[in-house]
Each structure stands twice: as structure tokens, then as C-alpha cells.
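Enquirer: What follows is a single structure, and I will ask about it in a moment.
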Amino acid sequence: MAEKLSFLILAIAMPMMAHGNSIGEGPEAVQEWFKNLPNAKEKVTKLHLYMHDVIGGKNPTVITVAQSNYSLNSPTMFGLTRMMDNALTVGPDHETEPQPESNVIGRAQGIYGAASMEEIGLLMTFNFVFTHGEYNGSTLSVLGHNPFLHRYREMPVVGGSGVFRLARGIATANTVWVNITSQCAVIEYNVIVLHY
């Protein structure tokens, strides 16, 4: 009974909970966009942003959703899986604080898992969800290998929505600040995408 009531409340509340940051075009508008695609010119967009990864503390933006007994004893954390909802900002902010102070332009939302038995390497699948500024309501989807102990990591951009429909490109990551004690990091992303 309680489960049915919770579902009913969620179903009624969903339209009211929708954020104003979605492009939200219906299927007819999307179909029209595709109809005009042969006449569209491909564009190159370059983005420079910072992701704030907070695993520890009172307000984590990353949580562990799965791990095995093997993960706890593995030098590469093999099998550890985490979900993230990290702030994206225009600047790196204070290098002593995990909470962003510069303009938040969106969220990095997705999941990553330790997928290598030979080195510390993550399989990442996440979206840059833009909630403010020029790309408000649009997303970019990233899927790839992230050997995060390397200085630079390159991951493919495999799609997008809104302004970034049919996007493809590269996201280059570089960790610019880490605090082992508070388990926080700031990762710089340089993104180059082709889209219409």
C-alpha cells in the first residue's frame, strides 16, 4: 500500500518538479529539426569547465553504489562502482575548498566503475547537463576509459541533446587539485565537439 501511494505521489508531482532548464521540444519539433538537417552546417564548439568531485565530507556528490569483497582487497579497486552528481563551474575556485565558488553552469551526472585489474582505470559514462548560460537545457554525453592517475585523459563525446544534438568529439580531463583527507578533487575539462 505504501509503495503504491509513493508511486502515485511521484506520478502526480513529476510535472511540477520539472526544471525550467530543459529544451523540451516535442517529437514534431525534433522531426522538423532532422528534416532540415541536410541544409545545416556543422559547427565546432570548444568548452572549458571544471568538475568538483566530492566523495567525503557532509555533502558528498559521489556515492558508492556497488563493490565486491574483491574490490576491497584489489590494488586497482576493481569492481567498485560509484554514482556522481558533481557541480560544473567556469573556474577552478579555491584550491583549499571542495565547494565551488565560481558560477555553476551545470552538473556532471553519471556512473563510473573501476574496470581494470592492471592499473587504476575507470569506465565512465556521464552527461554534462547544462543548467545555466548559453547552453542551458542541453547535454553532452561522455563514455570512455579514464586512467585517472595519468595527467591527461581523453574520453569520447558520443552524443548530446538540445544545442548539441548529434554531437561527437573529445573531452580531455586533467586533475588540477586533490585533497586526500577530505576526498575531494577538481578536474579541468577541455571539450571540443562537432554538432549542427
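Letters A, B, ... mark the chains of the C-alpha cells in the order given; residue numbers begin at 1 per chain; ligand numbers begin at 1, in order shown.
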What are the nearest atom pairs, with distances in Å to one decimal, for all residues of stretch 18-123 of chain A that come at most 10 Å from stretch 143-148 of chain A, using only C-alpha atoms, set out by chain and rising residue number as CSV?
Expert:
residue,atom,partner,partner_atom,distance
A:Gly110,CA,A:Leu143,CA,9.8
A:Ile111,CA,A:Leu143,CA,10.0
A:Tyr112,CA,A:Asn146,CA,9.3
A:Gly113,CA,A:Asn146,CA,9.9
A:Ala114,CA,A:Asn146,CA,9.4
A:Ala115,CA,A:His145,CA,8.6
A:Ser116,CA,A:Pro147,CA,9.1
A:Glu119,CA,A:Pro147,CA,7.6
A:Ile120,CA,A:Pro147,CA,6.0
A:Gly121,CA,A:Pro147,CA,4.0
A:Leu122,CA,A:Asn146,CA,4.9
A:Leu123,CA,A:His145,CA,4.9
Enquirer: Those selected residues, please, written with N, CA and C atoms and delivered as an mmCIF file, in the first residue's frame.
Expert:
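Output file out.cif follows:
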data_model
loop_
_atom_site.group_PDB
_atom_site.id
_atom_site.type_symbol
_atom_site.label_atom_id
_atom_site.label_comp_id
_atom_site.auth_asym_id
_atom_site.auth_seq_id
_atom_site.Cartn_x
_atom_site.Cartn_y
_atom_site.Cartn_z
ATOM 1 N N GLY A 110 26.371 10.910 -13.682
ATOM 2 C CA GLY A 110 26.583 9.612 -14.304
ATOM 3 C C GLY A 110 27.123 8.596 -13.332
ATOM 4 N N ILE A 111 27.790 7.616 -13.904
ATOM 5 C CA ILE A 111 28.286 6.493 -13.124
ATOM 6 C C ILE A 111 29.679 6.130 -13.609
ATOM 7 N N TYR A 112 30.530 5.690 -12.680
ATOM 8 C CA TYR A 112 31.841 5.190 -13.086
ATOM 9 C C TYR A 112 32.222 4.008 -12.216
ATOM 10 N N GLY A 113 32.998 3.127 -12.821
ATOM 11 C CA GLY A 113 33.428 1.930 -12.115
ATOM 12 C C GLY A 113 34.880 1.630 -12.394
ATOM 13 N N ALA A 114 35.551 1.058 -11.400
ATOM 14 C CA ALA A 114 36.934 0.617 -11.573
ATOM 15 C C ALA A 114 36.904 -0.635 -12.444
ATOM 16 N N ALA A 115 37.394 -0.509 -13.679
ATOM 17 C CA ALA A 115 37.202 -1.561 -14.680
ATOM 18 C C ALA A 115 38.494 -2.246 -15.099
ATOM 19 N N SER A 116 39.601 -1.954 -14.416
ATOM 20 C CA SER A 116 40.879 -2.546 -14.810
ATOM 21 C C SER A 116 41.493 -3.319 -13.649
ATOM 22 N N GLU A 119 45.717 -1.591 -13.845
ATOM 23 C CA GLU A 119 46.027 -0.232 -13.412
ATOM 24 C C GLU A 119 44.744 0.389 -12.894
ATOM 25 N N ILE A 120 44.849 1.503 -12.205
ATOM 26 C CA ILE A 120 43.646 2.177 -11.742
ATOM 27 C C ILE A 120 43.049 2.906 -12.941
ATOM 28 N N GLY A 121 41.967 2.351 -13.451
ATOM 29 C CA GLY A 121 41.317 2.904 -14.632
ATOM 30 C C GLY A 121 39.819 2.763 -14.513
ATOM 31 N N LEU A 122 39.119 3.827 -14.847
ATOM 32 C CA LEU A 122 37.669 3.851 -14.707
ATOM 33 C C LEU A 122 36.983 3.713 -16.059
ATOM 34 N N LEU A 123 35.853 3.045 -16.058
ATOM 35 C CA LEU A 123 34.911 3.128 -17.163
ATOM 36 C C LEU A 123 33.904 4.181 -16.736
#
Enquirer: Under the rule that only C-alpha atoms are counted, which of A:Val191, A:Arg153, A:Val54, A:Ala185 is the nearest residue to A:Leu140?
Expert: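 Selected residue with least distance to A:Leu140: A:Val191.
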Enquirer: Which distance in Å separates atom CA of A:Gly57 and atom CA of A:Gly106, to one decimal?
Expert: 21.3 Å
Enquirer: Within 6 Å of stretch 61-68 of chain A, counting only C-alpha atoms, which residues show up once you throw out same-chain ones fewer than 5 positions away? Write them as a PyMOL selection string, please.
Expert: chain A and resi 54-55+79-86
Enquirer: Just the strand (DSSP E) stuff from stretch 18-161 of chain A, please, per backbone DSSP, written as an MDAnalysis selection string.
Expert: chainID A and resid 43:54 62:66 81:89 104:114 122:130 139:146 152:161
Enquirer: Write out the residues from the selection above, keeping C-alpha atoms, as a tab-separated table (two decimals), in the first residue's frame.
Expert:
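The resulting file, out-v1.tsv, is reproduced below:
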chain	number	residue	atom	x	y	z
A	43	LYS	CA	29.82	23.73	-36.07
A	44	VAL	CA	32.77	23.31	-33.73
A	45	THR	CA	32.23	24.31	-30.10
A	46	LYS	CA	35.02	24.43	-27.50
A	47	LEU	CA	34.17	24.33	-23.80
A	48	HIS	CA	36.43	24.86	-20.80
A	49	LEU	CA	34.92	23.88	-17.45
A	50	TYR	CA	35.71	22.37	-14.06
A	51	MET	CA	34.08	19.41	-12.31
A	52	HIS	CA	34.04	19.24	-8.49
A	53	ASP	CA	34.23	15.62	-7.29
A	54	VAL	CA	33.30	15.33	-3.58
A	62	VAL	CA	29.64	10.93	-5.28
A	63	ILE	CA	28.37	7.77	-3.57
A	64	THR	CA	29.38	4.14	-3.79
A	65	VAL	CA	26.56	2.05	-5.24
A	66	ALA	CA	28.33	-1.32	-5.56
A	81	THR	CA	31.08	1.43	-8.76
A	82	ARG	CA	30.04	4.99	-7.93
A	83	MET	CA	27.26	7.38	-8.95
A	84	MET	CA	28.03	11.10	-9.29
A	85	ASP	CA	26.19	14.39	-9.48
A	86	ASN	CA	29.09	16.87	-9.49
A	87	ALA	CA	28.95	20.64	-9.93
A	88	LEU	CA	30.36	22.09	-13.17
A	89	THR	CA	31.83	25.58	-12.91
A	104	VAL	CA	27.87	26.88	-11.54
A	105	ILE	CA	26.83	26.19	-15.15
A	106	GLY	CA	25.59	22.63	-14.73
A	107	ARG	CA	26.18	19.16	-13.36
A	108	ALA	CA	28.23	16.14	-14.35
A	109	GLN	CA	25.81	13.26	-13.74
A	110	GLY	CA	26.58	9.61	-14.30
A	111	ILE	CA	28.29	6.49	-13.12
A	112	TYR	CA	31.84	5.19	-13.09
A	113	GLY	CA	33.43	1.93	-12.11
A	114	ALA	CA	36.93	0.62	-11.57
A	122	LEU	CA	37.67	3.85	-14.71
A	123	LEU	CA	34.91	3.13	-17.16
A	124	MET	CA	32.95	6.39	-17.13
A	125	THR	CA	29.56	7.15	-18.58
A	126	PHE	CA	28.16	10.55	-17.71
A	127	ASN	CA	26.43	13.65	-19.01
A	128	PHE	CA	27.42	17.27	-18.83
A	129	VAL	CA	23.98	18.71	-18.00
A	130	PHE	CA	23.97	22.46	-18.62
A	139	THR	CA	23.58	17.98	-22.59
A	140	LEU	CA	26.75	16.26	-23.78
A	141	SER	CA	27.27	12.52	-23.24
A	142	VAL	CA	30.73	11.12	-22.46
A	143	LEU	CA	31.62	7.43	-22.48
A	144	GLY	CA	35.14	6.08	-22.14
A	145	HIS	CA	38.23	4.89	-20.32
A	146	ASN	CA	39.66	7.21	-17.66
A	152	TYR	CA	45.74	13.92	-19.22
A	153	ARG	CA	42.87	11.58	-20.03
A	154	GLU	CA	40.95	11.63	-23.30
A	155	MET	CA	37.37	10.39	-23.48
A	156	PRO	CA	34.98	10.43	-26.44
A	157	VAL	CA	31.88	12.60	-26.53
A	158	VAL	CA	29.33	10.25	-28.06
A	159	GLY	CA	26.22	12.40	-28.30
A	160	GLY	CA	24.17	15.20	-26.91
A	161	SER	CA	20.80	16.90	-26.79
Enquirer: Kindly indicate which residue among A:Asn190, A:Thr131, A:Asn103, A:Ser71 lies nearest to A:Val90, using only C-alpha atoms for the distances.
Expert: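 Using only C-alpha atoms, A:Val90 sits closest to A:Asn103.
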